[in-house]
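The file upload_7.cif comes next; it holds mmCIF, N, CA and C atoms.
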data_model
loop_
_atom_site.label_atom_id
_atom_site.label_comp_id
_atom_site.auth_asym_id
_atom_site.auth_seq_id
_atom_site.Cartn_x
_atom_site.Cartn_y
_atom_site.Cartn_z
N MET A 1 -150.68 -8.56 109.81
CA MET A 1 -150.45 -7.60 110.88
C MET A 1 -150.33 -8.35 112.20
N THR A 2 -149.41 -7.98 113.03
CA THR A 2 -149.25 -8.62 114.33
C THR A 2 -149.49 -7.60 115.42
N SER A 3 -149.89 -8.09 116.57
CA SER A 3 -150.06 -7.20 117.72
C SER A 3 -148.70 -6.83 118.28
N LYS A 4 -148.69 -5.87 119.19
CA LYS A 4 -147.44 -5.43 119.81
C LYS A 4 -146.72 -6.57 120.52
N ASP A 5 -147.48 -7.54 121.04
CA ASP A 5 -146.89 -8.64 121.80
C ASP A 5 -146.44 -9.80 120.93
N GLU A 6 -146.64 -9.71 119.62
CA GLU A 6 -146.26 -10.80 118.75
C GLU A 6 -145.08 -10.41 117.87
N VAL A 7 -144.19 -11.38 117.66
CA VAL A 7 -143.08 -11.19 116.75
C VAL A 7 -143.41 -12.01 115.51
N GLU A 8 -143.32 -11.38 114.35
CA GLU A 8 -143.63 -12.09 113.12
C GLU A 8 -142.36 -12.66 112.51
N TRP A 9 -142.30 -13.98 112.43
CA TRP A 9 -141.18 -14.67 111.81
C TRP A 9 -141.75 -15.46 110.64
N ASN A 10 -141.32 -15.15 109.44
CA ASN A 10 -141.87 -15.77 108.24
C ASN A 10 -140.93 -16.80 107.64
N PHE A 11 -140.19 -17.48 108.46
CA PHE A 11 -139.30 -18.54 108.00
C PHE A 11 -139.37 -19.66 109.03
N PRO A 12 -138.89 -20.85 108.68
CA PRO A 12 -138.92 -21.93 109.67
C PRO A 12 -138.05 -21.57 110.88
N LEU A 13 -138.65 -21.53 112.03
CA LEU A 13 -137.91 -21.19 113.25
C LEU A 13 -137.15 -22.40 113.78
N VAL A 14 -137.68 -23.57 113.51
CA VAL A 14 -137.10 -24.82 114.01
C VAL A 14 -136.84 -25.74 112.83
N SER A 15 -135.70 -26.37 112.84
CA SER A 15 -135.40 -27.39 111.86
C SER A 15 -135.34 -28.73 112.58
N ILE A 16 -136.17 -29.67 112.13
CA ILE A 16 -136.12 -31.04 112.64
C ILE A 16 -135.33 -31.84 111.62
N ILE A 17 -134.25 -32.45 112.07
CA ILE A 17 -133.45 -33.30 111.20
C ILE A 17 -133.43 -34.69 111.82
N ALA A 18 -133.89 -35.66 111.06
CA ALA A 18 -133.88 -37.05 111.52
C ALA A 18 -132.85 -37.81 110.70
N GLY A 19 -132.20 -38.74 111.35
CA GLY A 19 -131.18 -39.53 110.68
C GLY A 19 -131.75 -40.56 109.73
N SER A 20 -133.02 -40.90 109.92
CA SER A 20 -133.65 -41.94 109.11
C SER A 20 -135.16 -41.78 109.15
N SER A 21 -135.82 -42.18 108.08
CA SER A 21 -137.28 -42.15 108.08
C SER A 21 -137.85 -43.17 109.07
N SER A 22 -137.04 -44.12 109.52
CA SER A 22 -137.51 -45.07 110.53
C SER A 22 -137.73 -44.39 111.89
N ASP A 23 -137.28 -43.16 112.04
CA ASP A 23 -137.48 -42.38 113.27
C ASP A 23 -138.80 -41.61 113.26
N LYS A 24 -139.66 -41.89 112.28
CA LYS A 24 -140.88 -41.12 112.06
C LYS A 24 -141.78 -41.02 113.28
N ALA A 25 -141.96 -42.11 114.01
CA ALA A 25 -142.85 -42.08 115.18
C ALA A 25 -142.36 -41.07 116.22
N VAL A 26 -141.07 -40.83 116.27
CA VAL A 26 -140.50 -39.88 117.24
C VAL A 26 -140.58 -38.45 116.70
N TYR A 27 -140.16 -38.23 115.45
CA TYR A 27 -140.18 -36.85 114.95
C TYR A 27 -141.59 -36.34 114.70
N GLU A 28 -142.55 -37.24 114.51
CA GLU A 28 -143.94 -36.78 114.39
C GLU A 28 -144.44 -36.15 115.69
N LYS A 29 -143.96 -36.63 116.83
CA LYS A 29 -144.32 -36.02 118.12
C LYS A 29 -143.84 -34.57 118.16
N THR A 30 -142.65 -34.35 117.63
CA THR A 30 -142.09 -33.00 117.58
C THR A 30 -142.93 -32.12 116.66
N GLU A 31 -143.23 -32.65 115.49
CA GLU A 31 -144.05 -31.90 114.54
C GLU A 31 -145.40 -31.52 115.13
N ASN A 32 -146.03 -32.45 115.81
CA ASN A 32 -147.37 -32.19 116.37
C ASN A 32 -147.36 -31.02 117.35
N VAL A 33 -146.38 -30.98 118.23
CA VAL A 33 -146.30 -29.88 119.21
C VAL A 33 -146.05 -28.56 118.50
N LEU A 34 -145.13 -28.55 117.54
CA LEU A 34 -144.85 -27.31 116.82
C LEU A 34 -146.07 -26.83 116.05
N LYS A 35 -146.78 -27.74 115.39
CA LYS A 35 -148.00 -27.37 114.68
C LYS A 35 -149.05 -26.81 115.63
N GLU A 36 -149.25 -27.47 116.77
CA GLU A 36 -150.25 -27.02 117.75
C GLU A 36 -149.96 -25.61 118.25
N ASN A 37 -148.69 -25.24 118.22
CA ASN A 37 -148.28 -23.92 118.73
C ASN A 37 -148.00 -22.93 117.61
N GLY A 38 -148.34 -23.28 116.39
CA GLY A 38 -148.20 -22.36 115.27
C GLY A 38 -146.78 -21.99 114.91
N ILE A 39 -145.85 -22.91 115.15
CA ILE A 39 -144.44 -22.64 114.87
C ILE A 39 -144.07 -23.19 113.49
N ASN A 40 -143.51 -22.31 112.64
CA ASN A 40 -143.01 -22.76 111.34
C ASN A 40 -141.79 -23.63 111.56
N TYR A 41 -141.74 -24.75 110.85
CA TYR A 41 -140.59 -25.64 110.97
C TYR A 41 -140.29 -26.28 109.63
N ASP A 42 -139.12 -26.86 109.55
CA ASP A 42 -138.70 -27.60 108.36
C ASP A 42 -138.30 -28.99 108.83
N LEU A 43 -138.62 -30.00 108.04
CA LEU A 43 -138.25 -31.38 108.36
C LEU A 43 -137.35 -31.92 107.26
N GLN A 44 -136.23 -32.47 107.67
CA GLN A 44 -135.29 -33.09 106.74
C GLN A 44 -134.90 -34.47 107.26
N ILE A 45 -134.72 -35.41 106.34
CA ILE A 45 -134.17 -36.73 106.68
C ILE A 45 -132.78 -36.76 106.09
N ILE A 46 -131.77 -36.62 106.95
CA ILE A 46 -130.38 -36.59 106.49
C ILE A 46 -129.52 -37.36 107.49
N SER A 47 -128.84 -38.36 107.02
CA SER A 47 -127.94 -39.14 107.87
C SER A 47 -126.57 -38.47 107.93
N ALA A 48 -126.06 -38.31 109.14
CA ALA A 48 -124.72 -37.76 109.31
C ALA A 48 -123.67 -38.71 108.75
N HIS A 49 -123.96 -40.01 108.76
CA HIS A 49 -123.00 -41.00 108.27
C HIS A 49 -123.11 -41.22 106.76
N ARG A 50 -124.32 -41.33 106.26
CA ARG A 50 -124.52 -41.69 104.85
C ARG A 50 -124.51 -40.49 103.90
N ASP A 51 -124.75 -39.30 104.42
CA ASP A 51 -124.83 -38.13 103.54
C ASP A 51 -124.28 -36.86 104.21
N PRO A 52 -123.02 -36.91 104.62
CA PRO A 52 -122.46 -35.75 105.34
C PRO A 52 -122.41 -34.48 104.50
N GLU A 53 -122.21 -34.60 103.21
CA GLU A 53 -122.16 -33.40 102.36
C GLU A 53 -123.52 -32.73 102.29
N LYS A 54 -124.58 -33.53 102.17
CA LYS A 54 -125.93 -32.97 102.14
C LYS A 54 -126.25 -32.27 103.46
N LEU A 55 -125.85 -32.87 104.57
CA LEU A 55 -126.07 -32.26 105.88
C LEU A 55 -125.33 -30.93 105.98
N GLU A 56 -124.09 -30.92 105.55
CA GLU A 56 -123.29 -29.69 105.62
C GLU A 56 -123.93 -28.58 104.79
N GLU A 57 -124.36 -28.90 103.59
CA GLU A 57 -125.00 -27.90 102.72
C GLU A 57 -126.29 -27.40 103.34
N TYR A 58 -127.09 -28.30 103.89
CA TYR A 58 -128.35 -27.89 104.52
C TYR A 58 -128.08 -26.94 105.68
N LEU A 59 -127.12 -27.28 106.53
CA LEU A 59 -126.82 -26.43 107.69
C LEU A 59 -126.33 -25.05 107.26
N ARG A 60 -125.60 -24.97 106.17
CA ARG A 60 -125.12 -23.68 105.67
C ARG A 60 -126.27 -22.79 105.21
N SER A 61 -127.31 -23.38 104.66
CA SER A 61 -128.39 -22.60 104.06
C SER A 61 -129.65 -22.48 104.93
N CYS A 62 -129.70 -23.19 106.02
CA CYS A 62 -130.91 -23.24 106.85
C CYS A 62 -131.07 -21.97 107.69
N PRO A 63 -132.22 -21.29 107.58
CA PRO A 63 -132.44 -20.08 108.36
C PRO A 63 -132.97 -20.34 109.78
N ALA A 64 -133.29 -21.59 110.10
CA ALA A 64 -133.89 -21.90 111.40
C ALA A 64 -133.02 -21.40 112.55
N LEU A 65 -133.67 -21.11 113.66
CA LEU A 65 -132.96 -20.62 114.85
C LEU A 65 -132.55 -21.75 115.79
N ILE A 66 -133.23 -22.89 115.68
CA ILE A 66 -133.00 -24.03 116.57
C ILE A 66 -133.04 -25.31 115.75
N TYR A 67 -132.13 -26.22 116.05
CA TYR A 67 -132.13 -27.54 115.42
C TYR A 67 -132.59 -28.59 116.42
N ILE A 68 -133.46 -29.47 115.98
CA ILE A 68 -133.83 -30.66 116.75
C ILE A 68 -133.35 -31.85 115.93
N ALA A 69 -132.45 -32.63 116.50
CA ALA A 69 -131.86 -33.78 115.80
C ALA A 69 -132.36 -35.07 116.43
N VAL A 70 -133.03 -35.88 115.62
CA VAL A 70 -133.62 -37.13 116.07
C VAL A 70 -132.76 -38.27 115.54
N ALA A 71 -132.19 -39.07 116.44
CA ALA A 71 -131.26 -40.10 115.98
C ALA A 71 -131.20 -41.27 116.94
N GLY A 72 -131.04 -42.45 116.37
CA GLY A 72 -130.87 -43.66 117.16
C GLY A 72 -129.49 -44.25 116.96
N LEU A 73 -129.29 -45.42 117.56
CA LEU A 73 -128.03 -46.16 117.45
C LEU A 73 -126.86 -45.28 117.90
N SER A 74 -125.89 -45.03 117.03
CA SER A 74 -124.73 -44.24 117.46
C SER A 74 -125.08 -42.77 117.66
N ALA A 75 -126.20 -42.33 117.12
CA ALA A 75 -126.73 -40.98 117.34
C ALA A 75 -125.69 -39.89 117.15
N ALA A 76 -124.94 -39.97 116.09
CA ALA A 76 -123.92 -38.96 115.80
C ALA A 76 -124.52 -37.64 115.33
N LEU A 77 -125.73 -37.68 114.79
CA LEU A 77 -126.33 -36.52 114.15
C LEU A 77 -126.34 -35.25 115.02
N PRO A 78 -126.84 -35.30 116.25
CA PRO A 78 -126.86 -34.06 117.05
C PRO A 78 -125.47 -33.46 117.26
N GLY A 79 -124.48 -34.27 117.52
CA GLY A 79 -123.12 -33.77 117.73
C GLY A 79 -122.51 -33.20 116.47
N VAL A 80 -122.77 -33.84 115.35
CA VAL A 80 -122.25 -33.32 114.08
C VAL A 80 -122.87 -31.96 113.80
N ILE A 81 -124.18 -31.85 114.00
CA ILE A 81 -124.84 -30.55 113.78
C ILE A 81 -124.24 -29.50 114.71
N ALA A 82 -124.11 -29.84 116.00
CA ALA A 82 -123.57 -28.88 116.98
C ALA A 82 -122.14 -28.46 116.65
N SER A 83 -121.38 -29.33 115.99
CA SER A 83 -120.00 -28.99 115.64
C SER A 83 -119.93 -28.01 114.47
N LYS A 84 -121.06 -27.82 113.78
CA LYS A 84 -121.07 -27.00 112.58
C LYS A 84 -121.94 -25.75 112.69
N THR A 85 -122.46 -25.47 113.89
CA THR A 85 -123.32 -24.30 114.06
C THR A 85 -123.14 -23.72 115.45
N GLU A 86 -123.52 -22.46 115.58
CA GLU A 86 -123.57 -21.81 116.89
C GLU A 86 -124.99 -21.79 117.42
N LYS A 87 -125.95 -22.28 116.65
CA LYS A 87 -127.35 -22.30 117.06
C LYS A 87 -127.60 -23.44 118.05
N PRO A 88 -128.63 -23.33 118.88
CA PRO A 88 -128.94 -24.40 119.82
C PRO A 88 -129.32 -25.70 119.10
N VAL A 89 -128.85 -26.81 119.64
CA VAL A 89 -129.16 -28.13 119.11
C VAL A 89 -129.76 -28.96 120.23
N ILE A 90 -130.91 -29.55 119.95
CA ILE A 90 -131.58 -30.43 120.90
C ILE A 90 -131.55 -31.83 120.32
N GLY A 91 -130.99 -32.77 121.05
CA GLY A 91 -130.90 -34.15 120.59
C GLY A 91 -132.04 -34.99 121.16
N VAL A 92 -132.61 -35.83 120.31
CA VAL A 92 -133.66 -36.75 120.73
C VAL A 92 -133.18 -38.18 120.46
N PRO A 93 -132.81 -38.91 121.51
CA PRO A 93 -132.38 -40.30 121.29
C PRO A 93 -133.58 -41.19 120.97
N VAL A 94 -133.36 -42.11 120.03
CA VAL A 94 -134.42 -43.02 119.59
C VAL A 94 -134.10 -44.43 120.07
N SER A 95 -135.12 -45.13 120.50
CA SER A 95 -134.94 -46.48 121.05
C SER A 95 -134.87 -47.55 119.95
N ALA A 96 -133.91 -47.40 119.04
CA ALA A 96 -133.74 -48.38 117.96
C ALA A 96 -133.16 -49.69 118.48
N LYS A 97 -132.17 -49.62 119.32
CA LYS A 97 -131.52 -50.79 119.93
C LYS A 97 -131.18 -50.45 121.37
N LEU A 98 -130.95 -51.47 122.17
CA LEU A 98 -130.52 -51.30 123.56
C LEU A 98 -131.43 -50.36 124.34
N GLY A 99 -132.71 -50.34 123.98
CA GLY A 99 -133.66 -49.48 124.67
C GLY A 99 -133.40 -48.00 124.49
N GLY A 100 -132.54 -47.64 123.55
CA GLY A 100 -132.21 -46.24 123.31
C GLY A 100 -131.06 -45.72 124.15
N LEU A 101 -130.54 -46.56 125.05
CA LEU A 101 -129.44 -46.11 125.91
C LEU A 101 -128.18 -45.79 125.11
N ASP A 102 -127.94 -46.54 124.04
CA ASP A 102 -126.77 -46.25 123.20
C ASP A 102 -126.88 -44.83 122.62
N ALA A 103 -128.05 -44.50 122.10
CA ALA A 103 -128.26 -43.17 121.53
C ALA A 103 -128.19 -42.09 122.60
N LEU A 104 -128.82 -42.34 123.74
CA LEU A 104 -128.81 -41.37 124.84
C LEU A 104 -127.38 -41.06 125.27
N LEU A 105 -126.59 -42.09 125.51
CA LEU A 105 -125.22 -41.87 125.96
C LEU A 105 -124.37 -41.18 124.90
N SER A 106 -124.63 -41.48 123.63
CA SER A 106 -123.89 -40.79 122.56
C SER A 106 -124.19 -39.30 122.55
N ILE A 107 -125.44 -38.96 122.75
CA ILE A 107 -125.84 -37.55 122.68
C ILE A 107 -125.33 -36.76 123.87
N VAL A 108 -125.34 -37.33 125.05
CA VAL A 108 -124.94 -36.56 126.24
C VAL A 108 -123.43 -36.50 126.44
N GLN A 109 -122.66 -37.26 125.70
CA GLN A 109 -121.21 -37.29 125.87
C GLN A 109 -120.48 -36.45 124.83
N MET A 110 -120.92 -35.23 124.64
CA MET A 110 -120.28 -34.35 123.67
C MET A 110 -119.02 -33.74 124.27
N PRO A 111 -118.03 -33.49 123.44
CA PRO A 111 -116.80 -32.86 123.94
C PRO A 111 -117.03 -31.39 124.27
N PRO A 112 -116.09 -30.77 124.96
CA PRO A 112 -116.21 -29.35 125.27
C PRO A 112 -116.41 -28.52 124.00
N ARG A 113 -117.23 -27.48 124.11
CA ARG A 113 -117.52 -26.51 123.05
C ARG A 113 -118.38 -27.09 121.93
N VAL A 114 -118.99 -28.26 122.17
CA VAL A 114 -119.94 -28.84 121.22
C VAL A 114 -121.19 -29.22 122.02
N PRO A 115 -121.92 -28.21 122.51
CA PRO A 115 -123.05 -28.50 123.39
C PRO A 115 -124.27 -29.02 122.63
N VAL A 116 -124.90 -30.01 123.22
CA VAL A 116 -126.17 -30.55 122.72
C VAL A 116 -127.07 -30.75 123.92
N ALA A 117 -128.25 -30.13 123.89
CA ALA A 117 -129.25 -30.42 124.92
C ALA A 117 -129.86 -31.77 124.56
N CYS A 118 -130.22 -32.54 125.55
CA CYS A 118 -130.75 -33.88 125.29
C CYS A 118 -132.04 -34.08 126.08
N VAL A 119 -133.06 -34.57 125.40
CA VAL A 119 -134.32 -34.91 126.06
C VAL A 119 -134.37 -36.43 126.21
N GLY A 120 -135.41 -36.93 126.83
CA GLY A 120 -135.53 -38.35 127.09
C GLY A 120 -135.68 -39.18 125.81
N ILE A 121 -135.44 -40.46 125.96
CA ILE A 121 -135.53 -41.40 124.85
C ILE A 121 -136.94 -41.38 124.26
N ASP A 122 -137.00 -41.18 122.94
CA ASP A 122 -138.26 -41.13 122.18
C ASP A 122 -139.15 -39.95 122.56
N ARG A 123 -138.63 -38.95 123.22
CA ARG A 123 -139.42 -37.81 123.69
C ARG A 123 -139.32 -36.63 122.72
N GLY A 124 -139.73 -36.86 121.50
CA GLY A 124 -139.73 -35.80 120.51
C GLY A 124 -140.56 -34.61 120.91
N GLU A 125 -141.64 -34.86 121.66
CA GLU A 125 -142.49 -33.74 122.09
C GLU A 125 -141.74 -32.83 123.06
N ASN A 126 -140.89 -33.40 123.92
CA ASN A 126 -140.14 -32.55 124.85
C ASN A 126 -139.11 -31.70 124.13
N ALA A 127 -138.58 -32.20 123.03
CA ALA A 127 -137.66 -31.37 122.24
C ALA A 127 -138.40 -30.15 121.71
N ALA A 128 -139.63 -30.35 121.26
CA ALA A 128 -140.42 -29.23 120.76
C ALA A 128 -140.75 -28.26 121.89
N TYR A 129 -141.10 -28.78 123.06
CA TYR A 129 -141.40 -27.88 124.18
C TYR A 129 -140.16 -27.09 124.61
N LEU A 130 -139.00 -27.70 124.56
CA LEU A 130 -137.77 -26.97 124.87
C LEU A 130 -137.51 -25.89 123.81
N ALA A 131 -137.74 -26.22 122.56
CA ALA A 131 -137.58 -25.23 121.49
C ALA A 131 -138.54 -24.05 121.71
N LEU A 132 -139.77 -24.34 122.13
CA LEU A 132 -140.73 -23.26 122.41
C LEU A 132 -140.21 -22.34 123.51
N ARG A 133 -139.60 -22.90 124.53
CA ARG A 133 -139.05 -22.07 125.62
C ARG A 133 -137.90 -21.19 125.13
N ILE A 134 -137.05 -21.76 124.28
CA ILE A 134 -135.95 -20.97 123.73
C ILE A 134 -136.50 -19.84 122.86
N LEU A 135 -137.48 -20.15 122.04
CA LEU A 135 -138.08 -19.12 121.19
C LEU A 135 -138.74 -18.02 122.02
N ALA A 136 -139.35 -18.41 123.14
CA ALA A 136 -139.97 -17.41 124.02
C ALA A 136 -138.91 -16.45 124.57
N LEU A 137 -137.74 -16.95 124.90
CA LEU A 137 -136.64 -16.10 125.36
C LEU A 137 -136.19 -15.16 124.26
N LEU A 138 -136.09 -15.67 123.04
CA LEU A 138 -135.70 -14.83 121.92
C LEU A 138 -136.71 -13.72 121.68
N LYS A 139 -137.98 -14.05 121.80
CA LYS A 139 -139.05 -13.09 121.62
C LYS A 139 -138.95 -11.99 122.69
N LYS A 140 -138.76 -12.41 123.95
CA LYS A 140 -138.62 -11.43 125.03
C LYS A 140 -137.45 -10.49 124.76
N ASP A 141 -136.33 -11.06 124.30
CA ASP A 141 -135.15 -10.27 124.01
C ASP A 141 -135.42 -9.29 122.88
N GLN A 142 -136.17 -9.73 121.87
CA GLN A 142 -136.48 -8.87 120.74
C GLN A 142 -137.46 -7.76 121.12
N ASP A 143 -138.30 -8.01 122.11
CA ASP A 143 -139.28 -7.02 122.55
C ASP A 143 -138.65 -5.88 123.34
N LYS A 144 -137.42 -6.05 123.80
CA LYS A 144 -136.78 -5.02 124.62
C LYS A 144 -136.43 -3.80 123.81
#
If you took the structure in this file and wrote it as C-alpha cells, what would it be?
Amino acid sequence: MTSKDEVEWNFPLVSIIAGSSSDKAVYEKTENVLKENGINYDLQIISAHRDPEKLEEYLRSCPALIYIAVAGLSAALPGVIASKTEKPVIGVPVSAKLGGLDALLSIVQMPPRVPVACVGIDRGENAAYLALRILALLKKDQDK
C-alpha cells in the first residue's frame, strides 16, 4: 500500500548500462545513490561496439524510464542508446584514457535529435541524482 503522495512503480525505473565491467568503480557510484533512495534499477554490461545486437534487443525490451550509460574511450554507448529510444539518456564519461576528455567530448557532441545529458567525468553519482530529479518530475505529472 502506498500513501497518496507516493507512486508505486514495480519495475526498474532506471537502467544503468556500462560498456565494460572495467567501468565498475563509476557505475557503483550510480548504484549506491539509487539504492539509498529506494529506486529500482537494472544493471547491464553491454558494449555498443562488441555486442550491438544484444544492446538493441535489451533496449527493445527494457521497461526503464531513464537510461544511464557509463562509457570510456570513444564513449559511443550513450549516443547509440539515444539514437534508439525516446527515453532520457544520461551519459557518464569514464577516465579510461586522456583523463576522460575523449569520452566527455564524444558524449557531448551528439548530432541534432539525438540528445544525451552528460555529467562530469567519473561522476556516476551525479547521473543518479539527475535521474532522481527526472523521476520526481514524472511523479508530479502523474499526481495531477
Counting only C-alpha atoms, the residue of A:Asn32, A:Ser20, A:Ser15, A:Gln44 that sits nearest Leu65 of chain A: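 Smallest separation from Leu65 of chain A among the options: A:Ser15.
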Spell out the residues picked by the PyMOL selection byres ((chain A and resi 71) around 8) here, as a PyMOL selection string. chain A and resi 17-20+23+68-70+72-78+91-96+102-104
Just how far from atom N of Ile81 of chain A is atom CA of His49 of chain A, in Å to one decimal?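 Going from atom CA of His49 of chain A over to atom N of Ile81 of chain A, I get 10.9 Å.
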Selected residue, from A:Lys29, A:Lys54, A:Arg113, A:Lys97, that lies nearest to Ser83 of chain A when counting only C-alpha atoms: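 Nearest candidate to Ser83 of chain A out of A:Lys29, A:Lys54, A:Arg113, A:Lys97: A:Arg113.
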Rounded to one decimal in Å, what is the spacing between atom CA of Lys87 of chain A and atom CA of Tyr67 of chain A?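 Atom CA of Tyr67 of chain A lies 7.3 Å from atom CA of Lys87 of chain A.
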Using only C-alpha atoms, tabulate the residues of segment 32-79 of chain A lying at most 7 Å from any atom of segment 123-142 of chain A, each with its closest atom pair and that distance in Å to one decimal, by chain and increasing residue number, as CSV.
residue,atom,partner,partner_atom,distance
A:Val33,CA,A:Ala128,CA,6.1
A:Leu34,CA,A:Ala128,CA,6.2
A:Ile66,CA,A:Ala131,CA,6.8
A:Ile68,CA,A:Ala127,CA,6.7
Rounded to one decimal place, report the atom N of Pro63 of chain A-atom N of Ser21 of chain A distance in Å.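 These atoms are spaced 21.2 Å apart.
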For Met110 of chain A, which residue out of A:Asp122, A:Ile39, A:Val26, A:Ala82 is the nearest one, using only C-alpha atoms?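 Smallest distance to Met110 of chain A is found for A:Ala82.
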